[in-house]
Amino acid sequence: VRANTFIGLYLLRHLDLDDNKLYELEDFIFRGSELPQLELLNLNHSRIYRISSKAFVGASSLKMVDLSYNFIAHPLDFLEGLHSLHMLDFTSNQIVTLQGSPFRDTTNLENLVLSSNLLTNITASDFKGLTRLTRLHLNQNFISSIEDGAFDPLTFLDDLDLSVNQLKRLHEDLIPWDNIQKIYLHDNPWICDCGNQWLLNREIVLRWNLQTQMQ
């Protein structure tokens, strides 16, 4: 699929390209001037390993992008300018780092799924600007550390999944508790000490993590 493939489809709102062999998304392939009404884009299971930083230039109407089950790593600079995105799914890719605050332009994002990637740590700048995010799934990675302030921008977060990672300790104050309705922390190698005692004291943690065990 190359630039100008979708020229003339000015009224197209939903584009489904899943289960293809796309491999690379080149410059301007989904540019807004050709697909000005495009809101939903499905690219899952398409063997994508590289996306040009200019692939989505001007795609200001995009609200949902499904890039799950591909081979995308870093960088994620193709997200620049996608201000209308509400949902972004990166399930089962090869993302190792979120370095460079890749979501800084997706300020309307509400649902971000990064499950089943290769993340090992979360920094204080990774989710900068995501003040409207309500759902964040980071389960099934290799996360062993989360910096202070990493979740501070996420004041409306109500669904957080950190299950099936490598967390041994987690400071209670890292979680933005004001709106949390669901939190998944099970299947981490928690250390049984006073610093983790809150895991057994918070009713909402117990409600969603009956299988949580401490070592």
# chains A, B, ... in the order shown; residues from 1 in each chain; ligands from 1

call {"tool": "residues_around", "arguments": {"residues": "range 111-127 of chain A", "least_positions_apart": "5", "cutoff": "8 Å", "atoms": "only C-alpha atoms", "output": "JSON, numbers by chain"}}
result
{"A": [86, 87, 88, 89, 90, 91, 92, 93, 94, 95, 96, 97, 98, 99, 100, 101, 102, 103, 104, 133, 134, 135, 136, 137, 138, 139, 140, 141, 142, 143, 144, 145, 146, 147, 148, 149, 150, 151, 153, 154]}

call {"tool": "residues_around", "arguments": {"residues": "Leu40 in chain A", "least_positions_apart": "2", "cutoff": "7 Å", "atoms": "only C-alpha atoms", "output": "ChimeraX atom specification"}}
result
/A:13-15,38,42,62-65

call {"tool": "write_last_selection", "arguments": {"atoms": "all heavy atoms", "output": "short mmCIF file (atom, residue, chain, number, x, y, z; two decimals), in the first residue's frame"}}
result
data_model
loop_
_atom_site.label_atom_id
_atom_site.label_comp_id
_atom_site.auth_asym_id
_atom_site.auth_seq_id
_atom_site.Cartn_x
_atom_site.Cartn_y
_atom_site.Cartn_z
N ARG A 13 -15.05 6.78 6.21
CA ARG A 13 -14.94 6.96 7.65
C ARG A 13 -14.29 5.77 8.34
O ARG A 13 -13.66 5.93 9.39
CB ARG A 13 -16.33 7.21 8.26
CG ARG A 13 -16.96 8.53 7.85
CD ARG A 13 -18.31 8.72 8.53
NE ARG A 13 -18.90 9.99 8.15
CZ ARG A 13 -18.68 11.15 8.75
NH1 ARG A 13 -17.84 11.18 9.79
NH2 ARG A 13 -19.25 12.25 8.35
N HIS A 14 -14.45 4.57 7.79
CA HIS A 14 -13.96 3.36 8.44
C HIS A 14 -13.17 2.56 7.41
O HIS A 14 -13.70 2.16 6.37
CB HIS A 14 -15.14 2.53 8.96
CG HIS A 14 -14.73 1.33 9.77
ND1 HIS A 14 -15.63 0.52 10.42
CD2 HIS A 14 -13.51 0.80 10.02
CE1 HIS A 14 -14.99 -0.46 11.02
NE2 HIS A 14 -13.70 -0.31 10.80
N LEU A 15 -11.89 2.29 7.71
CA LEU A 15 -11.02 1.54 6.82
C LEU A 15 -10.44 0.34 7.55
O LEU A 15 -9.77 0.49 8.57
CB LEU A 15 -9.89 2.44 6.30
CG LEU A 15 -8.87 1.80 5.35
CD1 LEU A 15 -9.55 1.21 4.11
CD2 LEU A 15 -7.81 2.83 4.95
N LEU A 38 -11.77 10.16 7.67
CA LEU A 38 -11.41 8.87 8.26
C LEU A 38 -11.36 8.96 9.78
O LEU A 38 -10.61 9.76 10.35
CB LEU A 38 -10.07 8.40 7.71
CG LEU A 38 -9.65 6.97 8.11
CD1 LEU A 38 -10.63 5.94 7.58
CD2 LEU A 38 -8.23 6.68 7.64
N ASN A 42 -8.30 0.10 11.09
CA ASN A 42 -7.95 -1.20 11.64
C ASN A 42 -6.78 -1.78 10.85
O ASN A 42 -6.92 -2.09 9.67
CB ASN A 42 -9.15 -2.14 11.59
CG ASN A 42 -8.87 -3.46 12.29
OD1 ASN A 42 -7.79 -3.68 12.83
ND2 ASN A 42 -9.85 -4.35 12.28
N LEU A 62 -8.95 11.15 12.74
CA LEU A 62 -8.79 9.80 13.28
C LEU A 62 -9.12 9.74 14.77
O LEU A 62 -8.57 10.49 15.57
CB LEU A 62 -7.36 9.31 13.07
CG LEU A 62 -7.06 8.50 11.81
CD1 LEU A 62 -5.59 8.11 11.77
CD2 LEU A 62 -7.94 7.27 11.71
N LYS A 63 -10.02 8.82 15.11
CA LYS A 63 -10.43 8.65 16.50
C LYS A 63 -9.99 7.30 17.07
O LYS A 63 -9.76 7.18 18.28
CB LYS A 63 -11.94 8.79 16.64
CG LYS A 63 -12.46 10.18 16.33
CD LYS A 63 -13.96 10.27 16.51
CE LYS A 63 -14.46 11.68 16.22
NZ LYS A 63 -15.94 11.79 16.37
N MET A 64 -9.89 6.29 16.21
CA MET A 64 -9.52 4.96 16.69
C MET A 64 -8.54 4.32 15.72
O MET A 64 -8.80 4.26 14.52
CB MET A 64 -10.75 4.07 16.83
CG MET A 64 -10.50 2.75 17.57
SD MET A 64 -9.75 1.44 16.56
CE MET A 64 -11.13 0.94 15.55
N VAL A 65 -7.40 3.85 16.23
CA VAL A 65 -6.42 3.14 15.42
C VAL A 65 -6.05 1.84 16.13
O VAL A 65 -5.62 1.85 17.29
CB VAL A 65 -5.15 3.98 15.18
CG1 VAL A 65 -4.12 3.17 14.39
CG2 VAL A 65 -5.49 5.26 14.44
#

call {"tool": "closest_residue", "arguments": {"among": "A:Leu167, A:Leu206, A:Leu157, A:Leu35", "to": "Asn179 in chain A", "atoms": "only C-alpha atoms"}}
result
A:Leu157

call {"tool": "select_by_dssp", "arguments": {"residues": "range 35-201 of chain A", "states": "alpha helix (DSSP H)", "output": "ChimeraX atom specification"}}
result
/A:198-201

call {"tool": "closest_residue", "arguments": {"among": "A:Leu200, A:Val205, A:Leu160, A:Leu67", "to": "Ile48 in chain A", "atoms": "only C-alpha atoms"}}
result
A:Leu67

call {"tool": "atom_distance", "arguments": {"atom1": "CA of Asp161 in chain A", "atom2": "CA of Trp198 in chain A"}}
result
17.0 Å

call {"tool": "closest_residue", "arguments": {"among": "A:Phe30, A:Trp190, A:Phe56, A:Phe6", "to": "Gln166 in chain A", "atoms": "only C-alpha atoms"}}
result
A:Trp190

call {"tool": "select_by_dssp", "arguments": {"residues": "range 1-208 of chain A", "states": "strand (DSSP E)", "output": "number ranges by chain"}}
result
A: 14-16, 24-25, 40-42, 50-51, 64-66, 87-89, 111-113, 121-122, 135-137, 145-146, 159-161, 182-184

call {"tool": "write_last_selection", "arguments": {"atoms": "N, CA and C atoms", "output": "compact mmCIF listing (two decimals), in the first residue's frame"}}
result
# COMPACT_ATOMS: atom_id res chain seq x y z
N HIS A 14 -14.45 4.57 7.79
CA HIS A 14 -13.96 3.36 8.44
C HIS A 14 -13.17 2.56 7.41
N LEU A 15 -11.89 2.29 7.71
CA LEU A 15 -11.02 1.54 6.82
C LEU A 15 -10.44 0.34 7.55
N ASP A 16 -10.72 -0.84 7.04
CA ASP A 16 -10.29 -2.09 7.67
C ASP A 16 -9.28 -2.79 6.77
N GLU A 24 5.44 -2.24 5.81
CA GLU A 24 5.80 -0.84 6.05
C GLU A 24 4.66 0.08 5.64
N LEU A 25 4.48 1.15 6.43
CA LEU A 25 3.53 2.20 6.06
C LEU A 25 4.35 3.43 5.67
N LEU A 40 -11.97 5.65 11.84
CA LEU A 40 -11.61 4.34 12.37
C LEU A 40 -10.69 3.62 11.40
N LEU A 41 -9.53 3.19 11.90
CA LEU A 41 -8.54 2.51 11.07
C LEU A 41 -8.08 1.23 11.76
N ASN A 42 -8.30 0.10 11.09
CA ASN A 42 -7.95 -1.20 11.64
C ASN A 42 -6.78 -1.78 10.85
N ARG A 50 7.39 -1.21 10.51
CA ARG A 50 7.85 0.17 10.42
C ARG A 50 6.72 1.07 9.93
N ILE A 51 6.59 2.23 10.60
CA ILE A 51 5.62 3.23 10.19
C ILE A 51 6.34 4.56 10.05
N MET A 64 -9.89 6.29 16.21
CA MET A 64 -9.52 4.96 16.69
C MET A 64 -8.54 4.32 15.72
N VAL A 65 -7.40 3.85 16.23
CA VAL A 65 -6.42 3.14 15.42
C VAL A 65 -6.05 1.84 16.13
N ASP A 66 -6.24 0.74 15.44
CA ASP A 66 -5.89 -0.58 15.98
C ASP A 66 -4.65 -1.09 15.26
N MET A 87 -8.86 6.26 20.92
CA MET A 87 -8.47 4.89 21.26
C MET A 87 -7.28 4.46 20.41
N LEU A 88 -6.26 3.86 21.07
CA LEU A 88 -5.05 3.41 20.39
C LEU A 88 -4.65 2.06 20.97
N ASP A 89 -4.57 1.06 20.10
CA ASP A 89 -4.28 -0.30 20.55
C ASP A 89 -2.97 -0.80 19.95
N ASN A 111 -8.31 5.78 25.71
CA ASN A 111 -8.08 4.34 25.85
C ASN A 111 -6.75 3.99 25.19
N LEU A 112 -5.78 3.57 25.99
CA LEU A 112 -4.45 3.21 25.48
C LEU A 112 -4.10 1.80 25.94
N VAL A 113 -3.85 0.92 24.96
CA VAL A 113 -3.53 -0.47 25.26
C VAL A 113 -2.12 -0.78 24.77
N ASN A 121 10.48 -0.56 31.83
CA ASN A 121 10.30 0.49 32.84
C ASN A 121 9.42 1.60 32.29
N ILE A 122 8.77 2.32 33.21
CA ILE A 122 7.91 3.44 32.86
C ILE A 122 8.50 4.69 33.47
N ARG A 135 -8.41 4.67 30.48
CA ARG A 135 -8.05 3.25 30.50
C ARG A 135 -6.63 3.08 30.00
N LEU A 136 -5.78 2.45 30.83
CA LEU A 136 -4.39 2.20 30.48
C LEU A 136 -4.05 0.75 30.81
N HIS A 137 -3.73 -0.02 29.78
CA HIS A 137 -3.37 -1.43 29.98
C HIS A 137 -1.91 -1.64 29.61
N SER A 145 10.12 -1.41 36.98
CA SER A 145 10.19 -0.15 37.71
C SER A 145 9.28 0.89 37.07
N ILE A 146 8.73 1.74 37.94
CA ILE A 146 7.87 2.85 37.51
C ILE A 146 8.33 4.09 38.25
N ASP A 159 -9.22 2.74 34.94
CA ASP A 159 -8.93 1.34 34.66
C ASP A 159 -7.44 1.19 34.37
N LEU A 160 -6.70 0.59 35.31
CA LEU A 160 -5.25 0.44 35.17
C LEU A 160 -4.89 -1.04 35.31
N ASP A 161 -4.18 -1.54 34.30
CA ASP A 161 -3.75 -2.95 34.33
C ASP A 161 -2.23 -3.03 34.29
N LYS A 182 -11.03 0.10 38.52
CA LYS A 182 -10.45 -1.22 38.30
C LYS A 182 -8.93 -1.09 38.31
N ILE A 183 -8.27 -1.98 39.03
CA ILE A 183 -6.81 -2.01 39.02
C ILE A 183 -6.34 -3.46 39.12
N TYR A 184 -5.53 -3.87 38.16
CA TYR A 184 -5.06 -5.25 38.08
C TYR A 184 -3.56 -5.29 38.36
